[in-house]
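What follows is a single structure, written as structure tokens, with notes after it.
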Amino acid sequence: MNTKNDLILDINNLVVHYETVEGTVQAVNGIDIQVPHKHTLGIVGETGAGKTTTALSILRLIPDPPGIIKGGEIFLEGEDILKISEKKMRKIRGRDVAMIFQDPMTSLNPVHTVGAQIAEVVQLHEGLSRSEAIKRAGETLEMVGIPAERSTEYPHQFSGGMKQRVIIAIALACNPKLLIADEPTTALDVTIQAQALELMKDLRNRLGMSMIMITHDLGIVAEVCDDVAVLYAGRIVESGTVREVFKSTMHPYTEGLFNSLPVINDKGARIKPIPGLMPDPIELPEGCAFHPRCPYAFDKCTKETPELRYFGETHGVACHAYDQTGFKLKRRG
Amino acid sequence: MAKEILRVNNLKKYFKTKRGLLHAVDGINFSIEEGKTLGLVGESGCGKSTTGRLILRLLEPTDGEVLYKGKNVTTANKKEMHELRKEMQIIFQDPFASLNPRKSIYELISEPLRWFKVYDNKAQTLKKVEKLMETVGLAQRLINSYPHELDGGRRQRIGVARALALEPKLIVCDEPVSALDVSIQAQILNLLEDLQKEMGLTYLFITHDLSVVNYFSDDIAVMYLGKLVEKAPSIELFKNPMHPYTQALLSAIPSIDIDNKKERILLKGEISSPINPPEECRFAKRCNYVQDICLKGQPELREVSPGHFLSCAVM
Amino acid sequence: MSKNVTTINDTGSALKKRKKISRSSEIWMRMKSKKSAMIGLIIFSLLILVALSAGFLVDYQDDVVTPNIPERLQGPSMEHPFGTDSIGRDIMSRMIYGARISLGVAFAAVIFQVIVGTLIGAISGFYGGKVDDILMRINDVFASIPNLLLAITIATALGHSIINMIIAIGIAGTPSLVRIVRATVMSVKDQEFVEAGKALGGNDMQIIVSHLIPNCIAPIIVQGTLKIATAILATSSLSFLGIGIKPPTPEWGNMLSGGREFLRNAPYITVIPGLAIVTTILSINLMGDGLRDALDPKLKQ
Amino acid sequence: MSRYIFRRVLQLIPVILGASAIIFFILSYSNQDPVMMLLAGTDPTLEQIEMTRHQLGLDRPIWIQFFSYMGGLVRGDLGVSYSTGREVFKEYMLRFPATLKLAFWALFVSVLISIPIGIVSAIKQYSWFDNFGMTFAMLGVATPNFWLGLMLIILFSVQLGWLPAGGYGGLKFLILPAITLGTGQAGLATRMTRSSMLEVIRQDYIRTARAKGLSEKVVIIKHALKNALIPIVTVLGVQFGHALGGAMITETIFSWPGVGRLMIDGINKYDRPVVIGCVIMLCIMVSVVNLAVDILYAYLDPRIKAGYSK
């Protein structure tokens, strides 16, 4: 395992709830995440698994109300950012930790030029003058493959893929140590997605950043990430290196995700969906949240919530089934 | 052996816009055999959804014809069209928008039955609705629920049940799973597959997701800016993609196979505007193999090997 | 037939507890949960009750119109809770009768607006094209004249009677309602579920009845409610300017206007009818806002 | 852009002609007789009546009257007042400065109240401030202008004696009418500001701005407000345009010698040329303000600007 000093990000037992009229939405229920320097962690899960909430917690941007960080610690290079002042936190946002959001169509302010939107962040964090900042904005645009002249244009003059490049430019303008990308390519077409992923990989390597890639697409994880954490109902059910999780899958839910995917090279392999639906986060089932959909569930699963336990250095899985000796998943072909 | 159920001849749809004529669908030809699935693949704005709507005549085509079992759909009169609606149905992409929020599940599913006066009494209609709900895997107790009370997967099941109500032969599936999560997507895909087997349905499966379309279709047609660029049996298309666009599209799918990393073909630029497109091949601006001949126009779709059609002057 | 098909087994979803509730009681429940809307509803219901029972509460000849000079300009007291006016009539009695006039005119005018506005707006929105162009150009011309001015002109031309007031205010408020109905119809018409209905073989009539009307009715109800407030304001404004309902018929606006000469010695003559107007309009607006939230099924989550 | 303005001005012409025609016919089919109004109190002979009628041209068939009036209108002639015999346009311009002054200061009051309250209410949704702000706005919408004006007179003129109850003059005379008209407008504008801000602060780009590390003040003023302004400017523009056309009620209460009074007097005397003249001027005022608002949109939102140049 990594020692504390190697980690850029170390999240311990994070709990985030949303207090709504209908009840408490248990969005994140005790998550541990470690990201070493210059590593890329993929966070995978379906709608409502708590991916975005986790990401926003790292920037302390959970909308409050209704969201509350109920507990846990988030160490950014050794400092617990849940304990610092809002003023200090603002210095971290955009400078040390930057974020790329899902929808490029709505994530840029329509009434400011793209140049101004990039310049704003460098001006704020690096104390540059207005003209220096605008020059930097142009350079940053070039870096993501957009001619600097276009910095005086407005977002509506850019196509979807170009807008996402602008968003990447804003995020990278101050050379952040950690980049959080929340489904950065979901809204894009396949060929444009390929361009954006290629660009992000390239810049990450060049700038030596750490990255968290949030996605529902296992293919993207395989292409971009070193490590992966699988989220279900606000908990990590399996984590490890991409090889460990993809090649020796241990959790029944991860198995279900893989089995749900059509295999592109084998047309004959029938998909095997996970039965049932995601649980309502207001009324999570007792015990393991996955047990109502799990083909291997037994008594204990309905009563006790499984903790993440490690098989080897890095491969963790939260599942009771491994109490039974000789348990093995039946992964499709 | 199998007979043709749908044929599309030189189908065109142009929309008038402020900036000029938008060539949404620009002269496409294909046919589907009974009981088979044709996948229609392309990126946003390529005209695939418009094609689906033209086939059902939810839009009036600018030119060309749609033949359903030899009958011309595009010239059918009101009464003939009404009869044809029983045969051809559609499942929409967005299960939020395509269900009237003020109608209960019973009302939604029974609507076509009532409109076509399939049964003379309510008890029979109710029985049919219950049966349809069972068929698509909706619990009976939800019969009086409203769409907004349900999740996306269940809502899409309502959409499927409605499409099945009149026992059609052909169903246009317009991105039926792209709004859904992976595990729910798999449930709906399996449902559609089972239904096809049991009822002998024919599908036109419109999607942007290549892995889904490969799994689901017998044949695949690839669309780019209103034109078909390649069409082949899906196994052949995936093994031997010939059009530069198809090749790039296939290589762009993120693969979960971490041991066999493939070389990715990156395209330049983005999809160009479908408004007043120039005479040249629609893909010329982004193509890595573009030559002078490509600027003269887009070649017709021609058969390069049995069942494999291609529209490219270079390959 | 469905043996291969996986039926969803439910996983702790909140749906389990759901019993069948009818839509109207659901709307009522949502309305009830909003305090301000309920306050509005209660006040407004009381006002209607007072207006309806005005004939039982006071005698029109004796209490409302006959002057009683010896008792003129008396401040509020046990006998005259709201005091008396410049010719000694009991203000409370006149207020009660005035409620009947103000609310009656407003209701009638709004019914006129809703019928005419819905008809024109719906035709325009549904058919579009040339029909829409022509109707909207005419509507634009009417809309270009401010409500109050149009109402004043019509009322002046027709003369001062209750019926003419209803016509004047009804016509003046119609153009804006036409626009709202048209916009609603057009937005509903473009929804995918209307296309879905077409695909399922519904003809024009079936789609209008099944999809268009149910989705347009809620906004029309809400707008109609809010329009009652506007109409009350217009009625009293016209009467205040001396163009609407003339004394001795009591109407809140003309009562208030009648107190203008006595602002120094008897301000209550002006204050009290004004408070009544504010309360009424406030209650209607609160109710209308609540109704809007309650009728929107998408807001439920 | 200039082509856009030209097109808009062209579109205005049929609207003005239509509105004039509507008012013309409404007043013409009245059962009241302007001649009798004019000669009221003079006990005229039948001959006098006929002569006046002939002088005013009212003995001609209605269609002739209509086309003759419209003909004048096209040449820019608003006609002559029945009651004073003066040119309507001159009468109007005499009154207009007072109306302009009132409309401007009312707008000032309205902006000063509505925008700050609306913004803070939106940021602190459901707080006590929000409740207070929205109660104020609700009251603003529900309070009739004529009553508010009279209440202010009772308080500040009658009881406290600080300000005059009416008349035209310096700032002293302006305060009460401007507050009456302005707070009335502020009710709606406050609600609009709040709802527009609430809509905008939910947008993704506001989250992007926060993720940059910007302070809340910068996020609200620089990123949210500019986006929220369009519906607010629309409401303020409509209100300003109507006030420019004459705040009939406020002007009546405070004996403010503006075009609103001119209009009311004209209506009461069945002075058709005056009323139609005022309506035409009002339509022009409203349209000029609308056009100004549209041009302001282009400044606020580059997408709209791009739309104009097409």
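Going by the structure tokens order, chains are called A, B, ..., each with residues numbered from 1, while ligands are numbered from 1 in the order shown.
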- Taking the chain letters and numbering used in this document, name the residues of range 87-292 of chain A that DSSP puts in strand (DSSP E), as a ChimeraX atom specification. /A:97-100,178-182,210-215,227-232,235-241
For N, CA and C atoms, I'd like the residues from the last selection saved as a PDB file, in the first residue's frame.
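What ended up in again30.pdb:
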ATOM      1  N   VAL A  97      -6.816  21.918  -7.131  1.00  0.00           N
ATOM      2  CA  VAL A  97      -7.765  20.914  -7.613  1.00  0.00           C
ATOM      3  C   VAL A  97      -8.676  21.579  -8.626  1.00  0.00           C
ATOM      4  N   ALA A  98      -8.750  21.024  -9.805  1.00  0.00           N
ATOM      5  CA  ALA A  98      -9.644  21.580 -10.818  1.00  0.00           C
ATOM      6  C   ALA A  98     -10.625  20.512 -11.246  1.00  0.00           C
ATOM      7  N   MET A  99     -11.723  20.943 -11.812  1.00  0.00           N
ATOM      8  CA  MET A  99     -12.758  19.972 -12.162  1.00  0.00           C
ATOM      9  C   MET A  99     -13.276  20.214 -13.577  1.00  0.00           C
ATOM     10  N   ILE A 100     -13.548  19.130 -14.263  1.00  0.00           N
ATOM     11  CA  ILE A 100     -14.179  19.193 -15.587  1.00  0.00           C
ATOM     12  C   ILE A 100     -15.571  18.600 -15.445  1.00  0.00           C
ATOM     13  N   LEU A 178      -4.332  18.079  -8.998  1.00  0.00           N
ATOM     14  CA  LEU A 178      -5.342  17.022  -9.123  1.00  0.00           C
ATOM     15  C   LEU A 178      -6.451  17.506 -10.038  1.00  0.00           C
ATOM     16  N   LEU A 179      -6.780  16.692 -11.026  1.00  0.00           N
ATOM     17  CA  LEU A 179      -7.866  17.026 -11.930  1.00  0.00           C
ATOM     18  C   LEU A 179      -9.003  16.029 -11.718  1.00  0.00           C
ATOM     19  N   ILE A 180     -10.185  16.563 -11.454  1.00  0.00           N
ATOM     20  CA  ILE A 180     -11.345  15.686 -11.316  1.00  0.00           C
ATOM     21  C   ILE A 180     -12.190  15.839 -12.566  1.00  0.00           C
ATOM     22  N   ALA A 181     -12.381  14.754 -13.289  1.00  0.00           N
ATOM     23  CA  ALA A 181     -13.182  14.814 -14.512  1.00  0.00           C
ATOM     24  C   ALA A 181     -14.460  14.024 -14.282  1.00  0.00           C
ATOM     25  N   ASP A 182     -15.590  14.732 -14.281  1.00  0.00           N
ATOM     26  CA  ASP A 182     -16.872  14.086 -13.993  1.00  0.00           C
ATOM     27  C   ASP A 182     -17.589  13.784 -15.306  1.00  0.00           C
ATOM     28  N   SER A 210      -2.263  14.304 -11.192  1.00  0.00           N
ATOM     29  CA  SER A 210      -3.067  13.166 -10.750  1.00  0.00           C
ATOM     30  C   SER A 210      -4.479  13.423 -11.258  1.00  0.00           C
ATOM     31  N   MET A 211      -5.239  12.352 -11.397  1.00  0.00           N
ATOM     32  CA  MET A 211      -6.554  12.558 -11.990  1.00  0.00           C
ATOM     33  C   MET A 211      -7.565  11.589 -11.389  1.00  0.00           C
ATOM     34  N   ILE A 212      -8.779  12.081 -11.257  1.00  0.00           N
ATOM     35  CA  ILE A 212      -9.894  11.189 -10.914  1.00  0.00           C
ATOM     36  C   ILE A 212     -10.856  11.225 -12.088  1.00  0.00           C
ATOM     37  N   MET A 213     -11.097  10.079 -12.667  1.00  0.00           N
ATOM     38  CA  MET A 213     -11.984  10.013 -13.826  1.00  0.00           C
ATOM     39  C   MET A 213     -13.278   9.344 -13.392  1.00  0.00           C
ATOM     40  N   ILE A 214     -14.340  10.130 -13.366  1.00  0.00           N
ATOM     41  CA  ILE A 214     -15.635   9.584 -12.969  1.00  0.00           C
ATOM     42  C   ILE A 214     -16.392   9.198 -14.219  1.00  0.00           C
ATOM     43  N   THR A 215     -16.880   7.998 -14.269  1.00  0.00           N
ATOM     44  CA  THR A 215     -17.549   7.554 -15.494  1.00  0.00           C
ATOM     45  C   THR A 215     -18.469   6.373 -15.209  1.00  0.00           C
ATOM     46  N   ASP A 227      -5.936   2.958 -11.491  1.00  0.00           N
ATOM     47  CA  ASP A 227      -6.699   2.263 -10.454  1.00  0.00           C
ATOM     48  C   ASP A 227      -8.179   2.503 -10.698  1.00  0.00           C
ATOM     49  N   VAL A 228      -8.992   1.703 -10.037  1.00  0.00           N
ATOM     50  CA  VAL A 228     -10.434   1.888 -10.207  1.00  0.00           C
ATOM     51  C   VAL A 228     -11.155   1.580  -8.903  1.00  0.00           C
ATOM     52  N   ALA A 229     -12.212   2.336  -8.635  1.00  0.00           N
ATOM     53  CA  ALA A 229     -13.093   2.054  -7.502  1.00  0.00           C
ATOM     54  C   ALA A 229     -14.504   1.933  -8.038  1.00  0.00           C
ATOM     55  N   VAL A 230     -15.190   0.854  -7.699  1.00  0.00           N
ATOM     56  CA  VAL A 230     -16.553   0.659  -8.166  1.00  0.00           C
ATOM     57  C   VAL A 230     -17.509   1.069  -7.053  1.00  0.00           C
ATOM     58  N   LEU A 231     -18.416   1.961  -7.378  1.00  0.00           N
ATOM     59  CA  LEU A 231     -19.338   2.501  -6.385  1.00  0.00           C
ATOM     60  C   LEU A 231     -20.722   1.896  -6.569  1.00  0.00           C
ATOM     61  N   TYR A 232     -21.346   1.540  -5.453  1.00  0.00           N
ATOM     62  CA  TYR A 232     -22.747   1.128  -5.514  1.00  0.00           C
ATOM     63  C   TYR A 232     -23.454   1.672  -4.284  1.00  0.00           C
ATOM     64  N   ARG A 235     -21.297   3.419  -1.649  1.00  0.00           N
ATOM     65  CA  ARG A 235     -20.178   2.707  -1.033  1.00  0.00           C
ATOM     66  C   ARG A 235     -19.277   2.136  -2.115  1.00  0.00           C
ATOM     67  N   ILE A 236     -18.010   1.974  -1.751  1.00  0.00           N
ATOM     68  CA  ILE A 236     -17.116   1.290  -2.677  1.00  0.00           C
ATOM     69  C   ILE A 236     -17.300  -0.202  -2.473  1.00  0.00           C
ATOM     70  N   VAL A 237     -17.637  -0.900  -3.541  1.00  0.00           N
ATOM     71  CA  VAL A 237     -17.805  -2.344  -3.390  1.00  0.00           C
ATOM     72  C   VAL A 237     -16.560  -3.092  -3.845  1.00  0.00           C
ATOM     73  N   GLU A 238     -15.788  -2.457  -4.708  1.00  0.00           N
ATOM     74  CA  GLU A 238     -14.554  -3.111  -5.133  1.00  0.00           C
ATOM     75  C   GLU A 238     -13.567  -2.048  -5.585  1.00  0.00           C
ATOM     76  N   SER A 239     -12.296  -2.232  -5.218  1.00  0.00           N
ATOM     77  CA  SER A 239     -11.297  -1.290  -5.695  1.00  0.00           C
ATOM     78  C   SER A 239      -9.968  -2.002  -5.882  1.00  0.00           C
ATOM     79  N   GLY A 240      -9.138  -1.422  -6.724  1.00  0.00           N
ATOM     80  CA  GLY A 240      -7.837  -2.027  -6.980  1.00  0.00           C
ATOM     81  C   GLY A 240      -7.253  -1.467  -8.251  1.00  0.00           C
ATOM     82  N   THR A 241      -6.201  -2.070  -8.738  1.00  0.00           N
ATOM     83  CA  THR A 241      -5.678  -1.628 -10.026  1.00  0.00           C
ATOM     84  C   THR A 241      -6.669  -2.064 -11.096  1.00  0.00           C
TER      85      THR A 241
END
- Message: What's around range 305-309 of chain A at 12 Å? Count only C-alpha atoms, leave out sequence neighbours fewer than 6 positions away in its own chain, and write the answer as JSON, numbers by chain.
- Response: {"A": [13, 29, 30, 31, 32, 33, 229, 230, 231, 233, 235, 236, 237, 238, 239, 240, 250, 251, 284, 285, 286, 287, 288, 289, 290, 291, 297, 299, 315, 316, 317, 318, 319, 320, 321, 322, 323]}
Taking only C-alpha atoms into account and nothing else, which residues of chain C lie no more than 8 Å away from chain D? Please answer as a PDB file with N, CA, C and O atoms, in the first residue's frame.
ATOM      1  N   ASP C 140     -51.966  41.259 -31.560  1.00  0.00           N
ATOM      2  CA  ASP C 140     -50.871  42.183 -31.245  1.00  0.00           C
ATOM      3  C   ASP C 140     -51.358  43.620 -31.200  1.00  0.00           C
ATOM      4  O   ASP C 140     -50.935  44.408 -30.353  1.00  0.00           O
ATOM      5  N   VAL C 141     -52.246  43.964 -32.137  1.00  0.00           N
ATOM      6  CA  VAL C 141     -52.756  45.325 -32.171  1.00  0.00           C
ATOM      7  C   VAL C 141     -53.530  45.627 -30.878  1.00  0.00           C
ATOM      8  O   VAL C 141     -53.314  46.661 -30.244  1.00  0.00           O
ATOM      9  N   PHE C 142     -54.391  44.693 -30.492  1.00  0.00           N
ATOM     10  CA  PHE C 142     -55.127  44.897 -29.236  1.00  0.00           C
ATOM     11  C   PHE C 142     -54.171  44.967 -28.055  1.00  0.00           C
ATOM     12  O   PHE C 142     -54.330  45.771 -27.142  1.00  0.00           O
ATOM     13  N   SER C 144     -51.238  46.010 -28.009  1.00  0.00           N
ATOM     14  CA  SER C 144     -50.380  47.199 -27.988  1.00  0.00           C
ATOM     15  C   SER C 144     -51.028  48.348 -27.217  1.00  0.00           C
ATOM     16  O   SER C 144     -50.366  49.284 -26.824  1.00  0.00           O
ATOM     17  N   ILE C 145     -52.336  48.269 -27.009  1.00  0.00           N
ATOM     18  CA  ILE C 145     -52.998  49.290 -26.196  1.00  0.00           C
ATOM     19  C   ILE C 145     -53.031  48.775 -24.753  1.00  0.00           C
ATOM     20  O   ILE C 145     -53.555  47.692 -24.511  1.00  0.00           O
ATOM     21  N   PRO C 146     -52.473  49.503 -23.807  1.00  0.00           N
ATOM     22  CA  PRO C 146     -52.458  49.002 -22.435  1.00  0.00           C
ATOM     23  C   PRO C 146     -53.871  48.677 -21.934  1.00  0.00           C
ATOM     24  O   PRO C 146     -54.824  49.381 -22.256  1.00  0.00           O
ATOM     25  N   ILE C 152     -60.841  51.595 -20.320  1.00  0.00           N
ATOM     26  CA  ILE C 152     -61.431  52.922 -20.116  1.00  0.00           C
ATOM     27  C   ILE C 152     -62.156  53.378 -21.371  1.00  0.00           C
ATOM     28  O   ILE C 152     -63.293  53.847 -21.318  1.00  0.00           O
ATOM     29  N   THR C 153     -61.511  53.212 -22.519  1.00  0.00           N
ATOM     30  CA  THR C 153     -62.122  53.661 -23.767  1.00  0.00           C
ATOM     31  C   THR C 153     -63.436  52.923 -24.024  1.00  0.00           C
ATOM     32  O   THR C 153     -64.449  53.525 -24.363  1.00  0.00           O
ATOM     33  N   ILE C 154     -63.384  51.607 -23.849  1.00  0.00           N
ATOM     34  CA  ILE C 154     -64.602  50.824 -24.100  1.00  0.00           C
ATOM     35  C   ILE C 154     -65.690  51.228 -23.114  1.00  0.00           C
ATOM     36  O   ILE C 154     -66.847  51.455 -23.501  1.00  0.00           O
ATOM     37  N   THR C 156     -66.074  53.993 -21.555  1.00  0.00           N
ATOM     38  CA  THR C 156     -66.568  55.338 -21.859  1.00  0.00           C
ATOM     39  C   THR C 156     -67.558  55.293 -23.014  1.00  0.00           C
ATOM     40  O   THR C 156     -68.621  55.906 -22.971  1.00  0.00           O
ATOM     41  N   ALA C 157     -67.187  54.553 -24.037  1.00  0.00           N
ATOM     42  CA  ALA C 157     -68.048  54.501 -25.213  1.00  0.00           C
ATOM     43  C   ALA C 157     -69.372  53.824 -24.904  1.00  0.00           C
ATOM     44  O   ALA C 157     -70.425  54.285 -25.337  1.00  0.00           O
ATOM     45  N   LEU C 158     -69.331  52.758 -24.143  1.00  0.00           N
ATOM     46  CA  LEU C 158     -70.547  51.977 -23.906  1.00  0.00           C
ATOM     47  C   LEU C 158     -71.431  52.604 -22.833  1.00  0.00           C
ATOM     48  O   LEU C 158     -72.627  52.380 -22.806  1.00  0.00           O
ATOM     49  N   GLY C 159     -70.826  53.363 -21.935  1.00  0.00           N
ATOM     50  CA  GLY C 159     -71.607  53.936 -20.842  1.00  0.00           C
ATOM     51  C   GLY C 159     -71.419  53.141 -19.572  1.00  0.00           C
ATOM     52  O   GLY C 159     -70.904  52.020 -19.573  1.00  0.00           O
ATOM     53  N   LEU C 233     -58.691  44.631  -9.838  1.00  0.00           N
ATOM     54  CA  LEU C 233     -57.910  45.863  -9.842  1.00  0.00           C
ATOM     55  C   LEU C 233     -58.417  46.813 -10.925  1.00  0.00           C
ATOM     56  O   LEU C 233     -58.582  48.017 -10.698  1.00  0.00           O
ATOM     57  N   SER C 237     -60.061  50.430 -10.409  1.00  0.00           N
ATOM     58  CA  SER C 237     -59.347  51.565 -10.994  1.00  0.00           C
ATOM     59  C   SER C 237     -60.299  52.415 -11.824  1.00  0.00           C
ATOM     60  O   SER C 237     -60.306  53.639 -11.743  1.00  0.00           O
ATOM     61  N   PHE C 240     -62.622  54.234  -9.674  1.00  0.00           N
ATOM     62  CA  PHE C 240     -61.906  55.300  -8.990  1.00  0.00           C
ATOM     63  C   PHE C 240     -61.795  56.528  -9.897  1.00  0.00           C
ATOM     64  O   PHE C 240     -61.958  57.665  -9.463  1.00  0.00           O
ATOM     65  N   LEU C 241     -61.527  56.277 -11.190  1.00  0.00           N
ATOM     66  CA  LEU C 241     -61.379  57.380 -12.133  1.00  0.00           C
ATOM     67  C   LEU C 241     -62.727  57.976 -12.532  1.00  0.00           C
ATOM     68  O   LEU C 241     -62.793  58.923 -13.298  1.00  0.00           O
ATOM     69  N   LEU C 256     -63.821  54.329  -2.338  1.00  0.00           N
ATOM     70  CA  LEU C 256     -62.516  54.867  -1.980  1.00  0.00           C
ATOM     71  C   LEU C 256     -62.345  56.268  -2.566  1.00  0.00           C
ATOM     72  O   LEU C 256     -61.881  57.192  -1.911  1.00  0.00           O
ATOM     73  N   ARG C 260     -61.893  60.809  -1.008  1.00  0.00           N
ATOM     74  CA  ARG C 260     -60.720  61.648  -1.269  1.00  0.00           C
ATOM     75  C   ARG C 260     -60.826  63.048  -0.676  1.00  0.00           C
ATOM     76  O   ARG C 260     -59.832  63.619  -0.250  1.00  0.00           O
ATOM     77  N   LEU C 263     -59.805  63.226   3.336  1.00  0.00           N
ATOM     78  CA  LEU C 263     -58.582  62.557   3.783  1.00  0.00           C
ATOM     79  C   LEU C 263     -58.142  63.059   5.163  1.00  0.00           C
ATOM     80  O   LEU C 263     -57.595  62.302   5.960  1.00  0.00           O
ATOM     81  N   ARG C 264     -58.401  64.342   5.428  1.00  0.00           N
ATOM     82  CA  ARG C 264     -57.924  64.896   6.688  1.00  0.00           C
ATOM     83  C   ARG C 264     -58.772  64.432   7.862  1.00  0.00           C
ATOM     84  O   ARG C 264     -58.256  63.942   8.864  1.00  0.00           O
ATOM     85  N   PRO C 267     -60.092  59.713   7.177  1.00  0.00           N
ATOM     86  CA  PRO C 267     -59.262  58.893   6.290  1.00  0.00           C
ATOM     87  C   PRO C 267     -59.782  57.455   6.166  1.00  0.00           C
ATOM     88  O   PRO C 267     -59.549  56.803   5.149  1.00  0.00           O
ATOM     89  N   THR C 270     -61.303  56.101   2.971  1.00  0.00           N
ATOM     90  CA  THR C 270     -60.385  55.696   1.911  1.00  0.00           C
ATOM     91  C   THR C 270     -59.603  54.440   2.282  1.00  0.00           C
ATOM     92  O   THR C 270     -59.372  53.560   1.448  1.00  0.00           O
ATOM     93  N   VAL C 271     -59.203  54.382   3.556  1.00  0.00           N
ATOM     94  CA  VAL C 271     -58.318  53.284   3.980  1.00  0.00           C
ATOM     95  C   VAL C 271     -59.019  51.932   3.869  1.00  0.00           C
ATOM     96  O   VAL C 271     -58.464  50.979   3.320  1.00  0.00           O
ATOM     97  N   GLY C 274     -59.654  50.212   0.433  1.00  0.00           N
ATOM     98  CA  GLY C 274     -58.346  49.868  -0.126  1.00  0.00           C
ATOM     99  C   GLY C 274     -57.798  48.597   0.503  1.00  0.00           C
ATOM    100  O   GLY C 274     -57.292  47.705  -0.191  1.00  0.00           O
ATOM    101  N   ILE C 277     -59.416  45.669  -1.004  1.00  0.00           N
ATOM    102  CA  ILE C 277     -58.892  45.326  -2.336  1.00  0.00           C
ATOM    103  C   ILE C 277     -57.555  44.596  -2.200  1.00  0.00           C
ATOM    104  O   ILE C 277     -57.339  43.539  -2.801  1.00  0.00           O
ATOM    105  N   VAL C 278     -56.662  45.148  -1.360  1.00  0.00           N
ATOM    106  CA  VAL C 278     -55.346  44.524  -1.178  1.00  0.00           C
ATOM    107  C   VAL C 278     -55.506  43.085  -0.682  1.00  0.00           C
ATOM    108  O   VAL C 278     -54.886  42.158  -1.208  1.00  0.00           O
ATOM    109  N   THR C 279     -56.350  42.905   0.323  1.00  0.00           N
ATOM    110  CA  THR C 279     -56.541  41.566   0.882  1.00  0.00           C
ATOM    111  C   THR C 279     -57.057  40.593  -0.179  1.00  0.00           C
ATOM    112  O   THR C 279     -56.569  39.461  -0.299  1.00  0.00           O
ATOM    113  N   ILE C 281     -56.865  40.767  -3.506  1.00  0.00           N
ATOM    114  CA  ILE C 281     -55.890  40.465  -4.557  1.00  0.00           C
ATOM    115  C   ILE C 281     -54.767  39.589  -4.013  1.00  0.00           C
ATOM    116  O   ILE C 281     -54.343  38.618  -4.642  1.00  0.00           O
ATOM    117  N   LEU C 282     -54.340  39.912  -2.794  1.00  0.00           N
ATOM    118  CA  LEU C 282     -53.294  39.100  -2.162  1.00  0.00           C
ATOM    119  C   LEU C 282     -53.748  37.649  -2.040  1.00  0.00           C
ATOM    120  O   LEU C 282     -53.009  36.717  -2.381  1.00  0.00           O
ATOM    121  N   ASN C 285     -53.733  35.936  -5.421  1.00  0.00           N
ATOM    122  CA  ASN C 285     -52.385  35.654  -5.912  1.00  0.00           C
ATOM    123  C   ASN C 285     -51.728  34.503  -5.153  1.00  0.00           C
ATOM    124  O   ASN C 285     -51.048  33.663  -5.739  1.00  0.00           O
TER     125      ASN C 285
END
Near-Tyr69 in chain D list (10 Å; only C-alpha atoms; drop same-chain fewer than 5 positions) as a PDB file with C-alpha atoms, in the first residue's frame:
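Okay, this is what ended up in part36.pdb:
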ATOM      1  CA  SER D  20     -55.713  53.936 -33.929  1.00  0.00           C
ATOM      2  CA  ALA D  21     -58.496  52.316 -35.915  1.00  0.00           C
ATOM      3  CA  PHE D  24     -61.438  55.408 -33.493  1.00  0.00           C
ATOM      4  CA  TRP D  63     -66.048  56.081 -43.142  1.00  0.00           C
ATOM      5  CA  ILE D  64     -65.233  59.443 -44.615  1.00  0.00           C
ATOM      6  CA  VAL D  74     -50.096  59.095 -42.554  1.00  0.00           C
ATOM      7  CA  ASP D  77     -50.938  65.086 -38.590  1.00  0.00           C
ATOM      8  CA  LEU D  78     -52.585  64.028 -35.324  1.00  0.00           C
ATOM      9  CA  GLY D  79     -55.465  66.409 -35.837  1.00  0.00           C
ATOM     10  CA  PRO D 273     -58.475  63.316 -31.740  1.00  0.00           C
TER      11      PRO D 273
END
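Counting only C-alpha atoms and comparing C:Gly242, C:Pro67, C:Gly83, C:Gly202, the residue that lies closest to chain B is C:Gly202.
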- Expected answer as a count of residues only: chain B residues within 9 Å of chain C, only C-alpha atoms: 49
- Considering only C-alpha atoms, extract the chain A residues located within 9 Å of chain D and return them as a ChimeraX atom specification. /A:59,61,87,89-95,97-101,103,106-112,117,120-121,124-125,154-157,167,170-171
- Note on the structure: What separates CA of Ser236 in chain C and CA of Arg292 in chain C is a distance of 26.0 Å
Write out, as JSON lines, each residue of chain B that has an atom at most 12 Å from chain D, together with the closest pair of atoms and their distance in Å to one decimal, counting only C-alpha atoms, rows going by chain and rising number.
{"residue": "B:Lys18", "atom": "CA", "partner": "D:Lys310", "partner_atom": "CA", "distance": 8.5}
{"residue": "B:Arg19", "atom": "CA", "partner": "D:Lys310", "partner_atom": "CA", "distance": 8.5}
{"residue": "B:Gly20", "atom": "CA", "partner": "D:Lys310", "partner_atom": "CA", "distance": 11.9}
